[in-house]
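Q: Please read through the structure below; I'll follow up with questions.
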2 protein chains.
Amino acid sequence: MSAFSDSDRGYMARALQLAERGRYTAHPNPMVGCVIVKDGIVAGEGWHERAGEPHAEINALAAASGKAMGATAYVTLEPCAHHGKTPPCAEALIEAGVSKVIAAMRDPYEQVAGQGLAMLQSAGVVTELGLMQSSAERLNEGFVSRMTGNRPFIRVKVAASIDGATAMRSGESQWITGAPARNDVQRLRARSGAIMTGIGTVLADDPSLDVRLNAIETGGLQPLRVVLDSHLRMPLTAAMLARPGRTLVCCCGIHDDSALQRAGAEVRSFGEPDGVVDVGAVLDDLARRGVNDLLVEAGRGVMGHLMEKDLIDELVIYQAPHIMGSETRGMFRTPSWSTLADRRMLEITDVRRVGGDTRITARVKR
Amino acid sequence: MSAFSDSDRGYMARALQLAERGRYTAHPNPMVGCVIVKDGIVAGEGWHERAGEPHAEINALAAASGKAMGATAYVTLEPCAHHGKTPPCAEALIEAGVSKVIAAMRDPYEQVAGQGLAMLQSAGVVTELGLMQSSAERLNEGFVSRMTGNRPFIRVKVAASIDGATAMRSGESQWITGAPARNDVQRLRARSGAIMTGIGTVLADDPSLDVRLNAIETGGLQPLRVVLDSHLRMPLTAAMLARPGRTLVCCCGIHDDSALQRAGAEVRSFGEPDGVVDVGAVLDDLARRGVNDLLVEAGRGVMGHLMEKDLIDELVIYQAPHIMGSETRGMFRTPSWSTLADRRMLEITDVRRVGGDTRITARVKR
């Protein structure tokens, strides 16, 4: 691997920053940014905004308007080599006369990985790989998870008191955290291809589970709502069915779902290896639908089931500075854990104040 | 109130810093620091190290060795005017020829408050009061609580997972937090006049509840251990009875406590308004014994009882980055709380990493 210079790192950092502009709009595609540099001057910048629209490289070449000859392109993901909804970016870079391409990471989709770089190399373009690779991978961890693991990156959101309660025993939970924390959750939703909950939460709280903060520009995208509902108890009058975006109800066995379908829901039946909907099969299904990031906003039953099955990648905990005591519900129902050895260890990656609450972001160690 | 200058604030900040050197040794007396300044130069510094030994002002005057004539004394607490174990400091300041005394706060003991300043004034010394008062009050909040409220400042220590569990259902809890957090608890103990626990914790964990970190210099002081033990089940073989320091066992009714007394414990019987030892009466007793700061290290029963009775001033939560799940014990048993309106609000005053854990310090809002 070649040694990259500080200016290389600066341009790639800028490309990563550009890529992030697609956070709420690019999925199911990855976020990608591109900076074209000629003689130490930025000739063009671009990012990928929306599936079906031009890729980052094409936008950057357009911005450079003919000044890309002999330039270096910094791109956060290996340029594509295949004809999809748009022509291959590698071809466009070659045609524009770019002499060098530095990519942060290889395309994670194994069947195309390396082909973009190979196409460039065979046209005489110098290629380098791996500049700020870990930042680029983290940026698109959902896309990487889907491409390499056939399942979305699973992020769970919890609102709890400092003593770990998410609701009173009665279910009373509005509101534990403040309005700024609830607005922040809207951003978690907007970056997610789907939001999962359980039928218990639907029946108790009737949530909308949509993005409804005007400050977030998703270009009309709404996450797919996914309800785990083994016995198909989903009410025809559920609030989410009347909201923009689609709803997938996951049940077991055979039910008459015609009324629910007419009410706007898609209903699918899955296996039930644990007596409840096979979450692994649901995740497969979501990956096939192009869901990179799955946000889970559910009660302790669903949350505990995912935790016991080691399916959670990241926790986002909004911790309110309250003590709620013992007559309450906890975050995760984990009936199979009986000793300290069963606990799961976290790596805390970020802690910050959000209004009067503390937001703790953590990875589950595996 | 006069306007204080930046250099006034600098000298008082130094005096507060000196006072803190008595954190582990001065109690039951308050921590006090003193800086004597002559012509813009520090002539002497002092602090109060140990009850029965000279007060801060006397140590500072000794350090100034005759150069205090016409000087200003900055002292974190109003100088005393009474003959206790040592002669009054106000008298010593007058004799040394100090021309001005700036005190951060009045003596909180109502029957002497203001008398030290009055003695100085009647001798022609200029006095000023209130410079950095809130810092001075916070430094000695335990002493202030005992003087003005007849009870110690009550600090509870909790070690819990991020989902609020303090033990598995079986009681297994060693170790949730890491060694650095456990060492930090030793510092909480060393600054406390007493440590309270419940008989359940004694029977389950047999804790020593003493200060045993060599790095903490308490000059041999050990906090009084206080065990809430309504039915006097305290074992004669309890580990704490063999440790340096005294143990007070608080029961209800009349028991044959002769063997326990021979084993080294002091046994006292209290009323039982709630069917358990009257904690309010225990706190009165501890205040009379000179306990400024009480640390509670107990199970969810004692902790919840104190929380329900609004007796907790401060929480120090060591939060381990783990998920322990539902088959666990929580921080506070609060059977009387049934709605969100019952919860207690906290003001978080400090958050920091201690080893791999997070230490959250918070006040209970009243």
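Every chain in the structure tokens has a letter given in the order shown (A, B, ...), and although residue numbers restart at 1 in each chain, ligands are simply numbered from 1 in the order shown.
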Return as a list of chain:residue names the full set of residues in segment 259-306 of chain B whose backbone-based DSSP assignment is helix (DSSP H, G or I).
A: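 For segment 259-306 of chain B, the helix (DSSP H, G or I) set is B:Ala259, B:Leu260, B:Gln261, B:Arg262, B:Val279, B:Gly280, B:Ala281, B:Val282, B:Leu283, B:Asp284, B:Asp285, B:Leu286, B:Ala287, B:Arg288, B:Arg300, B:Gly301, B:Val302, B:Met303, B:Gly304, B:His305, B:Leu306.
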Q: Taking only C-alpha atoms into account, produce a table as JSON lines in which each residue of chain B with an atom at most 9 Å from an atom of chain A appears once, together with its shortest atom pair and the distance in Å to one decimal, ordered by chain and rising number.
A:
{"residue": "B:Ala160", "atom": "CA", "partner": "A:Asp163", "partner_atom": "CA", "distance": 8.4}
{"residue": "B:Ser161", "atom": "CA", "partner": "A:Gly164", "partner_atom": "CA", "distance": 8.6}
{"residue": "B:Ile162", "atom": "CA", "partner": "A:Gly164", "partner_atom": "CA", "distance": 7.0}
{"residue": "B:Asp163", "atom": "CA", "partner": "A:Gly164", "partner_atom": "CA", "distance": 4.5}
{"residue": "B:Gly164", "atom": "CA", "partner": "A:Gly164", "partner_atom": "CA", "distance": 4.2}
{"residue": "B:Ala165", "atom": "CA", "partner": "A:Gly164", "partner_atom": "CA", "distance": 7.5}
{"residue": "B:Ala167", "atom": "CA", "partner": "A:Leu340", "partner_atom": "CA", "distance": 8.1}
{"residue": "B:Met168", "atom": "CA", "partner": "A:Thr339", "partner_atom": "CA", "distance": 6.2}
{"residue": "B:Arg169", "atom": "CA", "partner": "A:Ser338", "partner_atom": "CA", "distance": 7.5}
{"residue": "B:Ser170", "atom": "CA", "partner": "A:Ser338", "partner_atom": "CA", "distance": 7.9}
{"residue": "B:Glu172", "atom": "CA", "partner": "A:Leu340", "partner_atom": "CA", "distance": 6.9}
{"residue": "B:Ser173", "atom": "CA", "partner": "A:Leu340", "partner_atom": "CA", "distance": 7.3}
{"residue": "B:Gln174", "atom": "CA", "partner": "A:Leu340", "partner_atom": "CA", "distance": 8.5}
{"residue": "B:Trp175", "atom": "CA", "partner": "A:Leu340", "partner_atom": "CA", "distance": 8.7}
{"residue": "B:Ile176", "atom": "CA", "partner": "A:Leu340", "partner_atom": "CA", "distance": 8.3}
{"residue": "B:Arg300", "atom": "CA", "partner": "A:Ser326", "partner_atom": "CA", "distance": 8.9}
{"residue": "B:Gly304", "atom": "CA", "partner": "A:Gly325", "partner_atom": "CA", "distance": 7.4}
{"residue": "B:Met307", "atom": "CA", "partner": "A:Gly325", "partner_atom": "CA", "distance": 8.8}
{"residue": "B:Ala320", "atom": "CA", "partner": "A:Met345", "partner_atom": "CA", "distance": 8.8}
{"residue": "B:Pro321", "atom": "CA", "partner": "A:Leu346", "partner_atom": "CA", "distance": 5.2}
{"residue": "B:His322", "atom": "CA", "partner": "A:Met345", "partner_atom": "CA", "distance": 4.6}
{"residue": "B:Ile323", "atom": "CA", "partner": "A:Arg344", "partner_atom": "CA", "distance": 5.2}
{"residue": "B:Met324", "atom": "CA", "partner": "A:Arg343", "partner_atom": "CA", "distance": 4.7}
{"residue": "B:Gly325", "atom": "CA", "partner": "A:Phe332", "partner_atom": "CA", "distance": 5.3}
{"residue": "B:Ser326", "atom": "CA", "partner": "A:Arg333", "partner_atom": "CA", "distance": 5.0}
{"residue": "B:Glu327", "atom": "CA", "partner": "A:Ser338", "partner_atom": "CA", "distance": 6.3}
{"residue": "B:Thr328", "atom": "CA", "partner": "A:Ser338", "partner_atom": "CA", "distance": 8.2}
{"residue": "B:Arg329", "atom": "CA", "partner": "A:Ser326", "partner_atom": "CA", "distance": 8.9}
{"residue": "B:Gly330", "atom": "CA", "partner": "A:Ser326", "partner_atom": "CA", "distance": 6.6}
{"residue": "B:Met331", "atom": "CA", "partner": "A:Asp163", "partner_atom": "CA", "distance": 6.4}
{"residue": "B:Phe332", "atom": "CA", "partner": "A:Gly325", "partner_atom": "CA", "distance": 5.3}
{"residue": "B:Arg333", "atom": "CA", "partner": "A:Ser326", "partner_atom": "CA", "distance": 5.0}
{"residue": "B:Thr334", "atom": "CA", "partner": "A:Gly325", "partner_atom": "CA", "distance": 5.4}
{"residue": "B:Pro335", "atom": "CA", "partner": "A:Glu327", "partner_atom": "CA", "distance": 6.5}
{"residue": "B:Ser336", "atom": "CA", "partner": "A:Glu327", "partner_atom": "CA", "distance": 8.4}
{"residue": "B:Trp337", "atom": "CA", "partner": "A:Glu327", "partner_atom": "CA", "distance": 6.6}
{"residue": "B:Ser338", "atom": "CA", "partner": "A:Glu327", "partner_atom": "CA", "distance": 6.3}
{"residue": "B:Thr339", "atom": "CA", "partner": "A:Met168", "partner_atom": "CA", "distance": 6.3}
{"residue": "B:Leu340", "atom": "CA", "partner": "A:Met168", "partner_atom": "CA", "distance": 6.6}
{"residue": "B:Asp342", "atom": "CA", "partner": "A:Met324", "partner_atom": "CA", "distance": 7.5}
{"residue": "B:Arg343", "atom": "CA", "partner": "A:Met324", "partner_atom": "CA", "distance": 4.7}
{"residue": "B:Arg344", "atom": "CA", "partner": "A:Ile323", "partner_atom": "CA", "distance": 5.2}
{"residue": "B:Met345", "atom": "CA", "partner": "A:His322", "partner_atom": "CA", "distance": 4.6}
{"residue": "B:Leu346", "atom": "CA", "partner": "A:Pro321", "partner_atom": "CA", "distance": 5.2}
{"residue": "B:Glu347", "atom": "CA", "partner": "A:Pro321", "partner_atom": "CA", "distance": 6.8}
{"residue": "B:Ile348", "atom": "CA", "partner": "A:Pro321", "partner_atom": "CA", "distance": 7.0}
{"residue": "B:Ala362", "atom": "CA", "partner": "A:Pro321", "partner_atom": "CA", "distance": 8.4}
{"residue": "B:Val364", "atom": "CA", "partner": "A:His322", "partner_atom": "CA", "distance": 8.8}
Q: Smallest atom-to-atom distance to Arg352 of chain A: which of A:Ala56, A:Ser122, A:Gly198, A:Ala181, using only C-alpha atoms?
A: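 Ranked by minimum distance to Arg352 of chain A, first place goes to A:Ala181.
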Q: Measure the distance from atom CA of Gly200 of chain A to atom CA of Arg246 of chain A in Å and round it to one decimal.
A: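 Atom CA of Arg246 of chain A lies 19.3 Å from atom CA of Gly200 of chain A.
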Q: Would you kindly return, as a ChimeraX atom specification, each protein, DNA or RNA residue with an atom no farther than 9 Å from any atom of segment 205-212 of chain B, considering only C-alpha atoms and excluding same-chain residues fewer than 4 positions away?
A: /B:186-187,189-190,195-197,200-201,216,218,221-225,238-245,297
Q: Let's have the selection written as a tab-separated table (two decimals), in the first residue's frame, with C-alpha atoms.
A:
chain	number	residue	atom	x	y	z
B	186	GLN	CA	-12.63	3.74	48.82
B	187	ARG	CA	-12.29	7.52	48.43
B	189	ARG	CA	-15.66	5.91	52.16
B	190	ALA	CA	-12.64	7.85	53.38
B	195	ILE	CA	-21.11	3.98	56.07
B	196	MET	CA	-24.59	2.50	56.27
B	197	THR	CA	-25.74	-0.87	55.00
B	200	GLY	CA	-29.36	-8.37	54.08
B	201	THR	CA	-26.10	-7.17	52.54
B	216	ILE	CA	-5.61	7.26	51.03
B	218	THR	CA	-6.83	9.13	56.74
B	221	LEU	CA	-9.66	7.48	60.82
B	222	GLN	CA	-12.19	4.83	59.85
B	223	PRO	CA	-15.84	5.58	59.12
B	224	LEU	CA	-18.35	4.27	61.65
B	225	ARG	CA	-20.12	1.25	60.13
B	238	ALA	CA	-19.31	-10.69	60.55
B	239	ALA	CA	-16.08	-9.65	58.81
B	240	MET	CA	-16.55	-5.96	59.63
B	241	LEU	CA	-16.37	-6.67	63.39
B	242	ALA	CA	-12.76	-7.72	62.95
B	243	ARG	CA	-11.77	-4.64	60.94
B	244	PRO	CA	-10.32	-1.37	62.28
B	245	GLY	CA	-13.05	1.10	63.24
B	297	GLU	CA	-23.71	1.01	50.35
Q: Env of Thr25 of chain A: 9 Å cut, atoms = only C-alpha atoms, seq-sep filter 6 positions within chain, self excluded. Answer as a PDB file with C-alpha atoms, in the first residue's frame.
A:
ATOM      1  CA  MET A  31     -23.534   7.101   0.694  1.00  0.00           C
ATOM      2  CA  HIS A  48     -24.807  10.537  -4.382  1.00  0.00           C
ATOM      3  CA  GLU A  49     -28.144  11.918  -3.366  1.00  0.00           C
ATOM      4  CA  ARG A  50     -30.751   9.372  -4.372  1.00  0.00           C
ATOM      5  CA  ALA A  51     -31.089   5.926  -5.937  1.00  0.00           C
ATOM      6  CA  ALA A 190     -34.702   8.972   8.729  1.00  0.00           C
ATOM      7  CA  ARG A 191     -31.380   7.176   8.220  1.00  0.00           C
ATOM      8  CA  GLU A 217     -35.156  16.314   4.213  1.00  0.00           C
ATOM      9  CA  THR A 218     -35.684  12.729   3.107  1.00  0.00           C
ATOM     10  CA  GLY A 219     -37.088  13.611  -0.302  1.00  0.00           C
ATOM     11  CA  GLY A 220     -40.259  11.740   0.560  1.00  0.00           C
ATOM     12  CA  LEU A 221     -38.496   8.541   1.666  1.00  0.00           C
TER      13      LEU A 221
END
